[in-house]
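Source file: start_4.pdb; contents: PDB, C-alpha atoms.
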ATOM      1  CA  MET M   1      80.636  89.714  94.151
ATOM      2  CA  THR M   2      81.176  86.329  92.498
ATOM      3  CA  ASN M   3      84.406  84.742  91.339
ATOM      4  CA  VAL M   4      84.972  84.475  87.604
ATOM      5  CA  ARG M   5      87.466  82.126  85.979
ATOM      6  CA  ARG M   6      89.916  84.056  83.797
ATOM      7  CA  GLN M   7      92.824  83.040  81.600
ATOM      8  CA  LEU M   8      95.864  84.647  80.041
ATOM      9  CA  TRP M   9      98.019  83.743  77.069
ATOM     10  CA  GLY M  10      95.540  81.396  75.453
ATOM     11  CA  GLY M  11      94.792  79.532  78.665
ATOM     12  CA  ALA M  12      98.429  78.983  79.681
ATOM     13  CA  ILE M  13      97.650  80.850  82.906
ATOM     14  CA  GLN M  14      94.258  80.370  84.554
ATOM     15  CA  PHE M  15      92.977  81.956  87.747
ATOM     16  CA  GLU M  16      89.829  83.014  89.536
ATOM     17  CA  ASP M  17      89.100  86.683  90.044
ATOM     18  CA  GLU M  18      86.234  88.680  91.482
ATOM     19  CA  ASP M  19      83.724  89.873  88.910
ATOM     20  CA  VAL M  20      84.345  93.574  89.518
ATOM     21  CA  PRO M  21      84.358  96.364  86.890
ATOM     22  CA  SER M  22      87.813  97.849  86.422
ATOM     23  CA  ASP M  23      86.778 101.331  87.588
ATOM     24  CA  LEU M  24      85.192  99.954  90.770
ATOM     25  CA  ARG M  25      88.255  97.803  91.406
ATOM     26  CA  ALA M  26      90.570 100.795  90.987
ATOM     27  CA  PHE M  27      88.364 103.007  93.185
ATOM     28  CA  ASN M  28      88.526 100.499  96.040
ATOM     29  CA  SER M  29      92.138  99.453  95.563
ATOM     30  CA  PHE M  30      93.482 102.998  95.625
ATOM     31  CA  GLY M  31      90.895 104.410  98.018
ATOM     32  CA  LYS M  32      91.626 101.733 100.615
ATOM     33  CA  SER M  33      95.402 101.901 100.263
ATOM     34  CA  VAL M  34      96.763 103.419 103.465
ATOM     35  CA  LEU M  35     100.147 103.924 101.814
ATOM     36  CA  LEU M  36      98.590 106.053  99.077
ATOM     37  CA  TRP M  37      96.786 108.232 101.658
ATOM     38  CA  PHE M  38     100.059 108.493 103.573
ATOM     39  CA  GLU M  39     102.137 109.597 100.584
ATOM     40  CA  HIS M  40      99.440 112.028  99.489
ATOM     41  CA  SER M  41      99.575 113.612 102.937
ATOM     42  CA  ARG M  42     103.354 113.964 102.778
ATOM     43  CA  GLU M  43     103.185 115.634  99.360
ATOM     44  CA  LEU M  44     100.615 118.123 100.617
ATOM     45  CA  TYR M  45     102.855 118.856 103.594
ATOM     46  CA  ARG M  46     105.900 119.374 101.369
ATOM     47  CA  SER M  47     103.921 121.709  99.118
ATOM     48  CA  SER M  48     102.704 123.756 102.084
ATOM     49  CA  CYS M  49     106.277 124.031 103.400
ATOM     50  CA  TYR M  50     107.548 125.215 100.019
ATOM     51  CA  LEU M  51     104.881 127.878  99.757
ATOM     52  CA  MET M  52     105.409 129.161 103.296
ATOM     53  CA  GLU M  53     109.150 128.704 103.787
ATOM     54  CA  LYS M  54     110.905 128.689 100.406
ATOM     55  CA  ARG M  55     108.896 130.892  98.106
ATOM     56  CA  ALA M  56     110.074 134.498  98.018
ATOM     57  CA  ARG M  57     108.166 136.646 100.485
ATOM     58  CA  VAL M  58     107.713 140.107  99.005
ATOM     59  CA  TRP M  59     105.107 142.782  99.513
ATOM     60  CA  ASN M  60     102.392 142.288  96.931
ATOM     61  CA  GLU M  61      98.700 142.823  97.471
ATOM     62  CA  ILE M  62      97.876 139.582  95.659
ATOM     63  CA  THR M  63     100.639 137.010  96.004
ATOM     64  CA  HIS M  64     101.740 137.766  99.555
ATOM     65  CA  LEU M  65      98.262 138.166 100.968
ATOM     66  CA  LEU M  66      97.229 134.796  99.547
ATOM     67  CA  GLN M  67     100.439 132.969 100.359
ATOM     68  CA  ALA M  68      99.940 132.161 104.056
ATOM     69  CA  PRO M  69      96.270 131.093 103.917
ATOM     70  CA  ILE M  70      96.896 128.833 100.919
ATOM     71  CA  ALA M  71      99.945 127.269 102.602
ATOM     72  CA  LEU M  72      97.851 126.608 105.707
ATOM     73  CA  MET M  73      95.044 125.220 103.546
ATOM     74  CA  LEU M  74      97.484 122.701 102.055
ATOM     75  CA  GLY M  75      98.780 121.990 105.555
ATOM     76  CA  ALA M  76      95.255 121.378 106.834
ATOM     77  CA  TYR M  77      94.663 119.015 103.906
ATOM     78  CA  ALA M  78      97.904 117.230 104.810
ATOM     79  CA  ILE M  79      96.580 116.607 108.313
ATOM     80  CA  GLU M  80      93.170 115.625 106.948
ATOM     81  CA  THR M  81      94.590 112.963 104.621
ATOM     82  CA  LEU M  82      96.870 111.676 107.400
ATOM     83  CA  LEU M  83      93.911 111.226 109.745
ATOM     84  CA  LYS M  84      91.810 109.661 106.992
ATOM     85  CA  MET M  85      94.651 107.194 106.388
ATOM     86  CA  VAL M  86      94.239 105.998 109.976
ATOM     87  CA  ILE M  87      90.454 105.779 109.565
ATOM     88  CA  VAL M  88      90.789 103.823 106.301
ATOM     89  CA  GLY M  89      93.298 101.491 107.947
ATOM     90  CA  GLU M  90      90.939 100.740 110.820
ATOM     91  CA  TYR M  91      88.053 100.169 108.401
ATOM     92  CA  CYS M  92      90.099  97.679 106.378
ATOM     93  CA  ASP M  93      91.266  95.910 109.543
ATOM     94  CA  ARG M  94      87.618  95.359 110.466
ATOM     95  CA  HIS M  95      86.143  94.609 107.038
ATOM     96  CA  GLY M  96      89.058  93.577 104.866
ATOM     97  CA  ILE M  97      89.993  95.269 101.606
ATOM     98  CA  THR M  98      86.767  94.507  99.775
ATOM     99  CA  LEU M  99      86.119  95.780  96.252
ATOM    100  CA  ASP M 100      82.413  96.570  96.519
ATOM    101  CA  SER M 101      82.395 100.131  97.916
ATOM    102  CA  LYS M 102      80.855 102.461  95.337
ATOM    103  CA  SER M 103      81.252 105.663  97.334
ATOM    104  CA  ALA M 104      84.019 107.053  99.529
ATOM    105  CA  LYS M 105      81.478 107.616 102.293
ATOM    106  CA  ASP M 106      81.257 103.825 102.633
ATOM    107  CA  PHE M 107      84.652 103.829 104.347
ATOM    108  CA  LEU M 108      85.443 107.510 104.990
ATOM    109  CA  PRO M 109      83.700 110.209 107.020
ATOM    110  CA  ALA M 110      82.475 112.985 104.729
ATOM    111  CA  THR M 111      83.941 115.858 106.723
ATOM    112  CA  HIS M 112      86.869 118.272 106.582
ATOM    113  CA  ASN M 113      86.618 119.039 110.302
ATOM    114  CA  LEU M 114      90.002 118.050 111.719
ATOM    115  CA  LEU M 115      88.810 117.896 115.305
ATOM    116  CA  ASP M 116      86.114 115.414 114.322
ATOM    117  CA  LEU M 117      88.583 113.378 112.259
ATOM    118  CA  VAL M 118      91.184 113.078 115.021
ATOM    119  CA  LYS M 119      88.458 111.726 117.309
ATOM    120  CA  ARG M 120      87.401 109.183 114.688
ATOM    121  CA  ALA M 121      91.021 108.190 114.175
ATOM    122  CA  ASN M 122      91.312 107.550 117.934
ATOM    123  CA  LEU M 123      94.603 109.405 118.239
ATOM    124  CA  ARG M 124      95.370 110.788 121.675
ATOM    125  CA  VAL M 125      95.979 114.509 121.465
ATOM    126  CA  ASN M 126      96.094 117.151 124.178
ATOM    127  CA  GLN M 127      93.967 120.242 124.650
ATOM    128  CA  ALA M 128      96.416 122.504 122.811
ATOM    129  CA  ASP M 129      96.417 120.113 119.851
ATOM    130  CA  ARG M 130      92.625 120.047 119.768
ATOM    131  CA  LYS M 131      92.488 123.840 119.859
ATOM    132  CA  LEU M 132      94.907 124.064 116.929
ATOM    133  CA  LEU M 133      93.007 121.407 114.955
ATOM    134  CA  ASN M 134      89.887 123.466 115.430
ATOM    135  CA  GLU M 135      91.729 126.563 114.128
ATOM    136  CA  LEU M 136      93.116 124.683 111.135
ATOM    137  CA  SER M 137      89.670 123.351 110.248
ATOM    138  CA  ARG M 138      88.943 126.886 109.123
ATOM    139  CA  TYR M 139      91.465 126.349 106.336
ATOM    140  CA  SER M 140      90.380 122.838 105.401
ATOM    141  CA  THR M 141      86.759 123.961 105.083
ATOM    142  CA  TRP M 142      87.031 127.377 103.404
ATOM    143  CA  ALA M 143      89.918 129.746 104.161
ATOM    144  CA  GLY M 144      92.496 129.655 101.379
ATOM    145  CA  ARG M 145      89.864 128.257  99.013
ATOM    146  CA  TYR M 146      87.141 130.911  99.131
ATOM    147  CA  PRO M 147      86.755 134.475 100.420
ATOM    148  CA  ILE M 148      83.768 133.468 102.596
ATOM    149  CA  PRO M 149      82.605 130.326 104.448
ATOM    150  CA  LEU M 150      79.211 128.683 103.899
ATOM    151  CA  GLY M 151      77.666 130.620 106.792
ATOM    152  CA  TYR M 152      78.131 134.097 108.236
ATOM    153  CA  LEU M 153      78.475 133.240 111.950
ATOM    154  CA  GLY M 154      81.904 134.258 113.263
ATOM    155  CA  TYR M 155      83.053 135.613 109.892
ATOM    156  CA  ALA M 156      85.472 138.526 110.307
ATOM    157  CA  GLY M 157      86.665 138.966 106.740
ATOM    158  CA  PRO M 158      88.643 137.007 104.143
ATOM    159  CA  ALA M 159      91.703 135.034 105.186
ATOM    160  CA  ILE M 160      93.897 136.945 102.731
ATOM    161  CA  GLY M 161      94.202 139.797 105.220
ATOM    162  CA  GLU M 162      95.626 137.697 108.061
ATOM    163  CA  ALA M 163      98.870 138.729 109.785
ATOM    164  CA  VAL M 164      99.657 141.269 107.072
ATOM    165  CA  PRO M 165     100.578 144.841 108.083
ATOM    166  CA  ALA M 166      99.644 147.822 105.980
ATOM    167  CA  PRO M 167     102.340 149.059 103.568
ATOM    168  CA  PRO M 168     105.055 150.135 103.861
ATOM    169  CA  ALA M 169     105.430 148.063 107.028
ATOM    170  CA  GLU M 170     107.844 145.146 106.877
ATOM    171  CA  VAL M 171     106.417 141.841 105.648
ATOM    172  CA  PRO M 172     106.126 139.433 108.618
ATOM    173  CA  GLU M 173     108.523 136.503 108.666
ATOM    174  CA  GLN M 174     105.736 133.942 109.007
ATOM    175  CA  HIS M 175     102.121 133.433 109.899
ATOM    176  CA  PRO M 176     101.737 132.996 113.696
ATOM    177  CA  THR M 177      99.955 129.656 113.225
ATOM    178  CA  TRP M 178     102.668 128.140 111.026
ATOM    179  CA  PRO M 179     105.240 126.914 113.627
ATOM    180  CA  ARG M 180     102.464 125.293 115.656
ATOM    181  CA  PHE M 181     101.100 123.600 112.544
ATOM    182  CA  VAL M 182     104.509 122.127 111.655
ATOM    183  CA  ALA M 183     104.959 120.715 115.175
ATOM    184  CA  LEU M 184     101.450 119.243 115.172
ATOM    185  CA  TYR M 185     101.832 117.648 111.744
ATOM    186  CA  GLN M 186     105.085 115.984 112.760
ATOM    187  CA  LYS M 187     103.470 114.710 115.954
ATOM    188  CA  LEU M 188     100.412 113.299 114.140
ATOM    189  CA  HIS M 189     102.684 111.893 111.429
ATOM    190  CA  ALA M 190     104.646 109.871 113.994
ATOM    191  CA  MET M 191     101.491 108.695 115.789
ATOM    192  CA  SER M 192      99.819 107.665 112.529
ATOM    193  CA  VAL M 193     102.875 105.748 111.328
ATOM    194  CA  ARG M 194     103.076 103.819 114.592
ATOM    195  CA  LYS M 195      99.375 103.002 114.595
ATOM    196  CA  THR M 196      98.583 102.275 110.962
ATOM    197  CA  LEU M 197     101.885 101.508 109.241
ATOM    198  CA  LYS M 198     103.365  99.810 112.315
ATOM    199  CA  GLY M 199     106.404 102.062 112.191
ATOM    200  CA  SER M 200     107.512 100.606 108.839
ATOM    201  CA  VAL M 201     108.398 103.970 107.230
ATOM    202  CA  MET M 202     110.371 107.058 108.238
ATOM    203  CA  LEU M 203     108.854 108.726 111.263
ATOM    204  CA  LYS M 204     109.847 112.252 110.298
ATOM    205  CA  PRO M 205     108.168 113.833 107.273
ATOM    206  CA  LYS M 206     110.444 115.223 104.579
ATOM    207  CA  THR M 207     110.226 118.902 103.700
TER     208      THR M 207
END
Write the structure described by the file as structure tokens, please.
Amino acid sequence: MTNVRRQLWGGAIQFEDEDVPSDLRAFNSFGKSVLLWFEHSRELYRSSCYLMEKRARVWNEITHLLQAPIALMLGAYAIETLLKMVIVGEYCDRHGITLDSKSAKDFLPATHNLLDLVKRANLRVNQADRKLLNELSRYSTWAGRYPIPLGYLGYAGPAIGEAVPAPPAEVPEQHPTWPRFVALYQKLHAMSVRKTLKGSVMLKPKT
């Protein structure tokens, strides 16, 4: 990229700027903003909490069956964007916030696998955390989005049937994975804030 001399207000203000198309500039500016990744993660988390904890839980073969997997899908995305924030931050620390990346894969791993992402983010998690991240990757890759994954291996049916008893049994209070997800998100949230945002924002995510 070369610098181009620009002026505003008939030359009253003159400055040099990189010769970058506006769409490429926006793609890099927003894509490499750790704060934007961070806030996006928090919104996904809040949306998952609303769907799981605040929306009415009634027996319905459509809405109730889909409720838990979709909430966990949003939760898995919340973790994914949080981990990608850390990865973007490390990339920018090494390379600077340049404006020449034309594809997200230039600075982001093209994966939804949470176990892989936490390794790339270099966050220290324990065995239980890694096991849960592996479970949640099921939601970030297909469950909640589609009735089947890309391949058949290990497939035991659509996620909409999880943790749901047959009528007229009582609707379960919550999906068994949910409390563990909430604890893990809050833990990763605090670790990510300390590492990437240097503790400059609230450590506890809002719900």
Review point. Which of these, M:Arg194, M:Thr111, M:Pro21, M:Ile70, has the shortest distance to M:Thr141 once you count only C-alpha atoms?
Key: M:Thr111
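Picture a line from atom CA of M:Leu83 to atom CA of M:Leu150; it runs 23.6 Å.
If you look at atom CA of M:Ser101 and atom CA of M:Leu24, they are 7.7 Å away from each other.
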Review point. Contacts of M:Leu184 at 9 Å or less, counting only C-alpha atoms, minus same-chain residues fewer than 6 places along, as a count of residues only?
Key: 4
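If you measure from each of M:Leu136, M:Val125, M:Leu115, M:Ile97 to M:Lys187 using all atoms listed in the file, the closest one turns out to be M:Val125.
Of the residues listed (M:Phe38, M:Tyr45, M:Phe107, M:Phe181), M:Phe181 shows the shortest atom-to-atom separation from M:Arg130; distances use only C-alpha atoms.
Coordinates place atom CA of M:Leu117 at a distance of 8.3 Å from atom CA of M:Ile87.
Restricting the calculation to only C-alpha atoms, the smallest distance between M:Asn134 and any of M:Val20, M:Leu153, M:Ala76, M:Ile160 is found for M:Ala76.
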Exercise for review: List every protein, DNA or RNA residue that has an atom no more than 7 Å from (92.0, 109.6, 112.6) in the file's coordinate frame, counting only C-alpha atoms, and report them as a list in words.
Suggested key: Leu83, Lys84, Val86, Ile87, Leu117, Val118, Lys119, Arg120, Ala121, Asn122 and Leu123 of chain M
Give me a file of those residues, with C-alpha atoms, as a short mmCIF file (atom, residue, chain, number, x, y, z; two decimals), keeping the file's coordinate frame.
data_model
loop_
_atom_site.label_atom_id
_atom_site.label_comp_id
_atom_site.auth_asym_id
_atom_site.auth_seq_id
_atom_site.Cartn_x
_atom_site.Cartn_y
_atom_site.Cartn_z
CA LEU M 83 93.91 111.23 109.74
CA LYS M 84 91.81 109.66 106.99
CA VAL M 86 94.24 106.00 109.98
CA ILE M 87 90.45 105.78 109.56
CA LEU M 117 88.58 113.38 112.26
CA VAL M 118 91.18 113.08 115.02
CA LYS M 119 88.46 111.73 117.31
CA ARG M 120 87.40 109.18 114.69
CA ALA M 121 91.02 108.19 114.18
CA ASN M 122 91.31 107.55 117.93
CA LEU M 123 94.60 109.40 118.24
#
Practice item. Go ahead and find all residues with at least one atom no further than 12 Å from (97.1, 98.1, 101.2) in the file's coordinates, using all atoms listed in the file; report them as JSON, numbers by chain. Key: {"M": [28, 29, 30, 31, 32, 33, 34, 35, 36, 37, 38, 85, 88, 89, 90, 91, 92, 93, 96, 97, 98, 196, 197]}
Exercise for review: Evaluate the PyMOL selection byres ((chain M and resi 43) around 12) here and jot the selected residues down as a PyMOL selection string.
Suggested key: chain M and resi 36-42+44-50+74-75+77-79+81-82+205-207
**Study point:** Counting only C-alpha atoms, the option among M:Arg180, M:His189, M:Arg138, M:Arg124 closest to M:His112
**Key:** M:Arg138
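For the set M:Ala156, M:Ala26, M:Leu72, M:Ala183, the residue with the smallest atom-to-atom gap to M:Asp100 is M:Ala26, counting all atoms listed in the file.
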Please determine an axis-aligned box that encloses all atoms of stretch 68-82 of chain M listed in the file, with 6 Å added on each side, and express its centre and edge lengths in Å to one decimal as lines of an AutoDock Vina configuration file.
center_x = 96.6
center_y = 121.9
center_z = 104.6
size_x = 18.8
size_y = 32.5
size_z = 19.4
Kindly reconstruct stretch 121-132 of chain M with all heavy atoms and present the result as a compact mmCIF listing (two decimals), in the frame of the given file.
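Produced file rebuild_16.txt, reproduced below:
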# COMPACT_ATOMS: atom_id res chain seq x y z
N ALA M 121 89.79 108.95 114.35
CA ALA M 121 91.02 108.19 114.18
C ALA M 121 91.54 107.62 115.49
O ALA M 121 92.47 106.81 115.50
CB ALA M 121 92.09 109.09 113.56
N ASN M 122 90.93 108.03 116.60
CA ASN M 122 91.31 107.55 117.93
C ASN M 122 92.79 107.81 118.25
O ASN M 122 93.48 106.96 118.81
CB ASN M 122 91.01 106.05 118.08
CG ASN M 122 89.53 105.77 118.05
OD1 ASN M 122 88.74 106.44 118.71
ND2 ASN M 122 89.14 104.77 117.27
N LEU M 123 93.24 109.00 117.88
CA LEU M 123 94.60 109.40 118.24
C LEU M 123 94.53 110.30 119.47
O LEU M 123 93.71 111.21 119.54
CB LEU M 123 95.26 110.16 117.08
CG LEU M 123 95.52 109.37 115.80
CD1 LEU M 123 96.20 110.24 114.77
CD2 LEU M 123 96.35 108.12 116.06
N ARG M 124 95.39 110.04 120.42
CA ARG M 124 95.37 110.79 121.68
C ARG M 124 96.12 112.10 121.51
O ARG M 124 97.33 112.12 121.31
CB ARG M 124 95.99 109.96 122.79
CG ARG M 124 95.23 108.67 123.10
CD ARG M 124 95.82 107.93 124.26
NE ARG M 124 95.70 108.69 125.49
CZ ARG M 124 96.14 108.28 126.68
NH1 ARG M 124 96.75 107.09 126.77
NH2 ARG M 124 95.99 109.01 127.74
N VAL M 125 95.38 113.19 121.56
CA VAL M 125 95.98 114.51 121.46
C VAL M 125 95.59 115.32 122.69
O VAL M 125 94.59 115.03 123.36
CB VAL M 125 95.52 115.23 120.18
CG1 VAL M 125 96.09 114.54 118.95
CG2 VAL M 125 94.00 115.31 120.09
N ASN M 126 96.37 116.35 122.99
CA ASN M 126 96.09 117.15 124.18
C ASN M 126 95.19 118.34 123.83
O ASN M 126 94.81 118.55 122.68
CB ASN M 126 97.40 117.61 124.84
CG ASN M 126 98.27 118.43 123.90
OD1 ASN M 126 97.77 119.23 123.09
ND2 ASN M 126 99.59 118.24 123.99
N GLN M 127 94.89 119.13 124.83
CA GLN M 127 93.97 120.24 124.65
C GLN M 127 94.51 121.27 123.66
O GLN M 127 93.76 121.82 122.83
CB GLN M 127 93.67 120.90 126.00
CG GLN M 127 92.63 122.00 125.93
CD GLN M 127 92.27 122.55 127.30
OE1 GLN M 127 92.75 122.06 128.32
NE2 GLN M 127 91.41 123.56 127.33
N ALA M 128 95.82 121.55 123.74
CA ALA M 128 96.42 122.50 122.81
C ALA M 128 96.32 122.00 121.37
O ALA M 128 96.07 122.78 120.44
CB ALA M 128 97.88 122.76 123.19
N ASP M 129 96.53 120.71 121.18
CA ASP M 129 96.42 120.11 119.85
C ASP M 129 94.99 120.25 119.33
O ASP M 129 94.77 120.59 118.16
CB ASP M 129 96.80 118.64 119.87
CG ASP M 129 98.25 118.41 120.21
OD1 ASP M 129 99.07 119.32 119.99
OD2 ASP M 129 98.58 117.32 120.71
N ARG M 130 94.03 119.97 120.19
CA ARG M 130 92.62 120.05 119.77
C ARG M 130 92.25 121.48 119.40
O ARG M 130 91.51 121.72 118.43
CB ARG M 130 91.71 119.51 120.87
CG ARG M 130 91.79 118.00 121.04
CD ARG M 130 90.69 117.48 121.95
NE ARG M 130 90.85 117.93 123.32
CZ ARG M 130 91.57 117.28 124.24
NH1 ARG M 130 92.20 116.16 123.93
NH2 ARG M 130 91.66 117.75 125.48
N LYS M 131 92.76 122.43 120.16
CA LYS M 131 92.49 123.84 119.86
C LYS M 131 93.06 124.21 118.50
O LYS M 131 92.40 124.89 117.68
CB LYS M 131 93.09 124.73 120.95
CG LYS M 131 92.81 126.21 120.72
CD LYS M 131 93.41 127.05 121.85
CE LYS M 131 93.15 128.54 121.61
NZ LYS M 131 93.76 129.38 122.69
N LEU M 132 94.28 123.75 118.20
CA LEU M 132 94.91 124.06 116.93
C LEU M 132 94.18 123.36 115.78
O LEU M 132 93.99 123.94 114.71
CB LEU M 132 96.38 123.67 116.95
CG LEU M 132 97.17 123.95 115.67
CD1 LEU M 132 97.04 125.40 115.25
CD2 LEU M 132 98.63 123.57 115.86
